[in-house]
Amino acid sequence: MTGAEAELQPRRKGLTRRQKRSLSRGAQYVVFVAAVIVFAVSADWDRLRNQFAQWDIAQRMWPDVITLALKNTVLYTVSGFALGLVLGLVIALMRLSSVGPYRWVAGIYIEIFRGLPALLIFVFIGVAVPLAFPGTEIVGGTYGKAALGLGLIGAAYMAETFRAGIQAVPKGQMEAARSLGFSPARAMISIIIPQAFRIILPPLTNEFIMLFKDSSLVLLLGVTLEERELSKYGRDLASTTANSTPILVAGLCYLLVTIPLGFVARRLEAKAQEAVK
């Protein structure tokens, strides 16, 4: 093509798509940095430090914040997660059952306990159950009530997770097991459910994190000083000291558990994606 012909060709106007993306990304960075600067300049850091970062108050929380509050939070969560895991698996199998009433009961349970706020469930366990059944005591006291409340909440979500995991296992696995003489129940227990567990490990880790945070609602059950979890422990000490440092320390203890678990969940998701590829 000669120079004269090149001049006759229409010239493209405006920016290319790559240039537009680069310009948009740069603008977002500028807005973000500007927002951080405005926040840093306008915030009253002295008042925040006096209210949330008193080192002497934080020292007074040690070691009870770990040996008492965090320990109770972990106990409530683990017991609730274990109950929710078992109940969720049963409900998931009912949801997949060929028997109509089983599917209906499982569906109703999931819709109710997944739709109700966790706060109402704990109020029901702490107030409605004793009124409906006078003299009835839940085994384990506060720990048993906490496990029941967290288990009922977690089971509704875990049931759907289990159902999705079981359905994700190739149907040929069940057919192969049946051809080897396995009964449907034995094939489900020995072949399908173990494979489903490997698939749903990442979402189950996220469910544990959710229950760990929901354990703060145990205070609605009426706990003693030795049964306090992180949220209740931080609030009580904040009221005593007229300072919010205990609440900040309690929040950091939550992050001490949830951040590593979140990292584990992401690693499990990445491995699951690699296995699919």
# chains A, B, ... in the order shown; residues from 1 in each chain; ligands from 1
>>> closest_atom_pairs(of="stretch 42-118 of chain A", to="stretch 138-158 of chain A", cutoff="6 Å", atoms="only C-alpha atoms", output="JSON lines")
{"residue": "A:Tyr76", "atom": "CA", "partner": "A:Ala147", "partner_atom": "CA", "distance": 5.9}
{"residue": "A:Ser79", "atom": "CA", "partner": "A:Ala147", "partner_atom": "CA", "distance": 5.2}
{"residue": "A:Gly80", "atom": "CA", "partner": "A:Ala147", "partner_atom": "CA", "distance": 3.9}
{"residue": "A:Phe81", "atom": "CA", "partner": "A:Gly151", "partner_atom": "CA", "distance": 5.9}
{"residue": "A:Leu83", "atom": "CA", "partner": "A:Gly151", "partner_atom": "CA", "distance": 5.0}
{"residue": "A:Gly84", "atom": "CA", "partner": "A:Gly151", "partner_atom": "CA", "distance": 4.0}
{"residue": "A:Leu87", "atom": "CA", "partner": "A:Ala155", "partner_atom": "CA", "distance": 5.7}
{"residue": "A:Gly88", "atom": "CA", "partner": "A:Ala155", "partner_atom": "CA", "distance": 4.1}
{"residue": "A:Ile110", "atom": "CA", "partner": "A:Ala156", "partner_atom": "CA", "distance": 4.7}
{"residue": "A:Phe113", "atom": "CA", "partner": "A:Ala156", "partner_atom": "CA", "distance": 5.9}
{"residue": "A:Arg114", "atom": "CA", "partner": "A:Ala156", "partner_atom": "CA", "distance": 5.7}
>>> residues_around(residues="A:Ala242", least_positions_apart="5", cutoff="12 Å", atoms="only C-alpha atoms", output="PyMOL selection string")
chain A and resi 50-52+54+57+234-237+247
>>> write_last_selection(atoms="all heavy atoms", output="PDB file, in the first residue's frame")
ATOM      1  N   ASN A  50      -8.396   6.143  72.351  1.00  0.00           N
ATOM      2  CA  ASN A  50      -8.810   6.153  73.754  1.00  0.00           C
ATOM      3  C   ASN A  50      -9.988   5.220  74.015  1.00  0.00           C
ATOM      4  O   ASN A  50     -10.116   4.656  75.111  1.00  0.00           O
ATOM      5  CB  ASN A  50      -9.177   7.578  74.177  1.00  0.00           C
ATOM      6  CG  ASN A  50      -7.968   8.490  74.249  1.00  0.00           C
ATOM      7  OD1 ASN A  50      -6.849   8.032  74.471  1.00  0.00           O
ATOM      8  ND2 ASN A  50      -8.177   9.787  74.029  1.00  0.00           N
ATOM      9  N   GLN A  51     -10.859   5.057  73.025  1.00  0.00           N
ATOM     10  CA  GLN A  51     -12.066   4.253  73.214  1.00  0.00           C
ATOM     11  C   GLN A  51     -11.860   2.789  72.875  1.00  0.00           C
ATOM     12  O   GLN A  51     -12.492   1.910  73.470  1.00  0.00           O
ATOM     13  CB  GLN A  51     -13.211   4.817  72.363  1.00  0.00           C
ATOM     14  CG  GLN A  51     -14.543   4.151  72.590  1.00  0.00           C
ATOM     15  CD  GLN A  51     -15.074   4.361  73.998  1.00  0.00           C
ATOM     16  OE1 GLN A  51     -14.725   5.327  74.669  1.00  0.00           O
ATOM     17  NE2 GLN A  51     -15.921   3.452  74.480  1.00  0.00           N
ATOM     18  N   PHE A  52     -10.984   2.488  71.907  1.00  0.00           N
ATOM     19  CA  PHE A  52     -10.856   1.107  71.415  1.00  0.00           C
ATOM     20  C   PHE A  52      -9.467   0.493  71.596  1.00  0.00           C
ATOM     21  O   PHE A  52      -9.316  -0.692  71.307  1.00  0.00           O
ATOM     22  CB  PHE A  52     -11.196   1.056  69.916  1.00  0.00           C
ATOM     23  CG  PHE A  52     -12.647   1.243  69.615  1.00  0.00           C
ATOM     24  CD1 PHE A  52     -13.151   2.494  69.294  1.00  0.00           C
ATOM     25  CD2 PHE A  52     -13.527   0.176  69.673  1.00  0.00           C
ATOM     26  CE1 PHE A  52     -14.490   2.676  69.004  1.00  0.00           C
ATOM     27  CE2 PHE A  52     -14.868   0.346  69.391  1.00  0.00           C
ATOM     28  CZ  PHE A  52     -15.353   1.599  69.061  1.00  0.00           C
ATOM     29  N   GLN A  54      -7.024   0.685  74.466  1.00  0.00           N
ATOM     30  CA  GLN A  54      -6.385   0.869  75.762  1.00  0.00           C
ATOM     31  C   GLN A  54      -5.626  -0.404  76.125  1.00  0.00           C
ATOM     32  O   GLN A  54      -6.228  -1.439  76.422  1.00  0.00           O
ATOM     33  CB  GLN A  54      -7.427   1.207  76.826  1.00  0.00           C
ATOM     34  CG  GLN A  54      -8.065   2.575  76.667  1.00  0.00           C
ATOM     35  CD  GLN A  54      -7.061   3.693  76.826  1.00  0.00           C
ATOM     36  OE1 GLN A  54      -6.190   3.653  77.702  1.00  0.00           O
ATOM     37  NE2 GLN A  54      -7.166   4.703  75.964  1.00  0.00           N
ATOM     38  N   ILE A  57      -6.303  -2.174  79.529  1.00  0.00           N
ATOM     39  CA  ILE A  57      -7.557  -2.935  79.589  1.00  0.00           C
ATOM     40  C   ILE A  57      -7.418  -4.249  78.834  1.00  0.00           C
ATOM     41  O   ILE A  57      -7.900  -5.303  79.283  1.00  0.00           O
ATOM     42  CB  ILE A  57      -8.716  -2.101  79.012  1.00  0.00           C
ATOM     43  CG1 ILE A  57      -8.955  -0.865  79.865  1.00  0.00           C
ATOM     44  CG2 ILE A  57      -9.989  -2.938  78.918  1.00  0.00           C
ATOM     45  CD1 ILE A  57     -10.034   0.056  79.334  1.00  0.00           C
ATOM     46  N   GLY A 234     -16.830  -9.859  75.944  1.00  0.00           N
ATOM     47  CA  GLY A 234     -16.392  -8.522  75.562  1.00  0.00           C
ATOM     48  C   GLY A 234     -17.380  -7.452  75.989  1.00  0.00           C
ATOM     49  O   GLY A 234     -16.985  -6.383  76.475  1.00  0.00           O
ATOM     50  N   ARG A 235     -18.671  -7.706  75.828  1.00  0.00           N
ATOM     51  CA  ARG A 235     -19.691  -6.721  76.206  1.00  0.00           C
ATOM     52  C   ARG A 235     -19.717  -6.496  77.710  1.00  0.00           C
ATOM     53  O   ARG A 235     -19.861  -5.356  78.171  1.00  0.00           O
ATOM     54  CB  ARG A 235     -21.059  -7.172  75.708  1.00  0.00           C
ATOM     55  CG  ARG A 235     -21.236  -7.097  74.207  1.00  0.00           C
ATOM     56  CD  ARG A 235     -22.604  -7.601  73.784  1.00  0.00           C
ATOM     57  NE  ARG A 235     -23.676  -6.843  74.408  1.00  0.00           N
ATOM     58  CZ  ARG A 235     -24.966  -7.133  74.275  1.00  0.00           C
ATOM     59  NH1 ARG A 235     -25.326  -8.182  73.560  1.00  0.00           N
ATOM     60  NH2 ARG A 235     -25.889  -6.394  74.857  1.00  0.00           N
ATOM     61  N   ASP A 236     -19.591  -7.573  78.501  1.00  0.00           N
ATOM     62  CA  ASP A 236     -19.605  -7.427  79.950  1.00  0.00           C
ATOM     63  C   ASP A 236     -18.424  -6.586  80.418  1.00  0.00           C
ATOM     64  O   ASP A 236     -18.573  -5.691  81.256  1.00  0.00           O
ATOM     65  CB  ASP A 236     -19.566  -8.798  80.624  1.00  0.00           C
ATOM     66  CG  ASP A 236     -20.884  -9.539  80.509  1.00  0.00           C
ATOM     67  OD1 ASP A 236     -21.878  -8.927  80.063  1.00  0.00           O
ATOM     68  OD2 ASP A 236     -20.920 -10.742  80.817  1.00  0.00           O
ATOM     69  N   LEU A 237     -17.257  -6.871  79.887  1.00  0.00           N
ATOM     70  CA  LEU A 237     -16.067  -6.128  80.314  1.00  0.00           C
ATOM     71  C   LEU A 237     -16.107  -4.695  79.799  1.00  0.00           C
ATOM     72  O   LEU A 237     -15.618  -3.773  80.470  1.00  0.00           O
ATOM     73  CB  LEU A 237     -14.807  -6.834  79.814  1.00  0.00           C
ATOM     74  CG  LEU A 237     -13.505  -6.474  80.536  1.00  0.00           C
ATOM     75  CD1 LEU A 237     -13.641  -6.708  82.027  1.00  0.00           C
ATOM     76  CD2 LEU A 237     -12.338  -7.297  79.985  1.00  0.00           C
ATOM     77  N   ILE A 247     -14.390  -5.112  73.340  1.00  0.00           N
ATOM     78  CA  ILE A 247     -15.133  -5.521  72.144  1.00  0.00           C
ATOM     79  C   ILE A 247     -14.183  -5.694  70.968  1.00  0.00           C
ATOM     80  O   ILE A 247     -14.307  -6.633  70.178  1.00  0.00           O
ATOM     81  CB  ILE A 247     -16.231  -4.491  71.835  1.00  0.00           C
ATOM     82  CG1 ILE A 247     -17.268  -4.479  72.966  1.00  0.00           C
ATOM     83  CG2 ILE A 247     -16.906  -4.796  70.497  1.00  0.00           C
ATOM     84  CD1 ILE A 247     -18.356  -3.445  72.787  1.00  0.00           C
TER      85      ILE A 247
END
>>> closest_residue(among="A:Ala35, A:Ile259, A:Asp214, A:Ser231", to="A:Ile121", atoms="only C-alpha atoms")
A:Asp214
>>> residues_around(residues="stretch 60-66 of chain A", least_positions_apart="6", cutoff="8 Å", atoms="only C-alpha atoms", output="PDB file with C-alpha atoms, in the first residue's frame")
ATOM      1  CA  LEU A 230     -16.464 -14.041  73.140  1.00  0.00           C
ATOM      2  CA  TYR A 233     -17.394 -11.618  77.541  1.00  0.00           C
ATOM      3  CA  PRO A 246     -12.757  -5.466  75.130  1.00  0.00           C
ATOM      4  CA  ALA A 250     -13.115 -10.045  71.151  1.00  0.00           C
TER       5      ALA A 250
END
>>> closest_residue(among="A:Glu226, A:Leu70, A:Ala159, A:Arg18", to="A:Leu256", atoms="only C-alpha atoms")
A:Leu70
>>> atom_distance(atom1="atom CA of A:Leu220", atom2="atom CA of A:Leu116")
15.9 Å
>>> atom_distance(atom1="atom CA of A:Ile193", atom2="atom CA of A:Val86")
12.4 Å
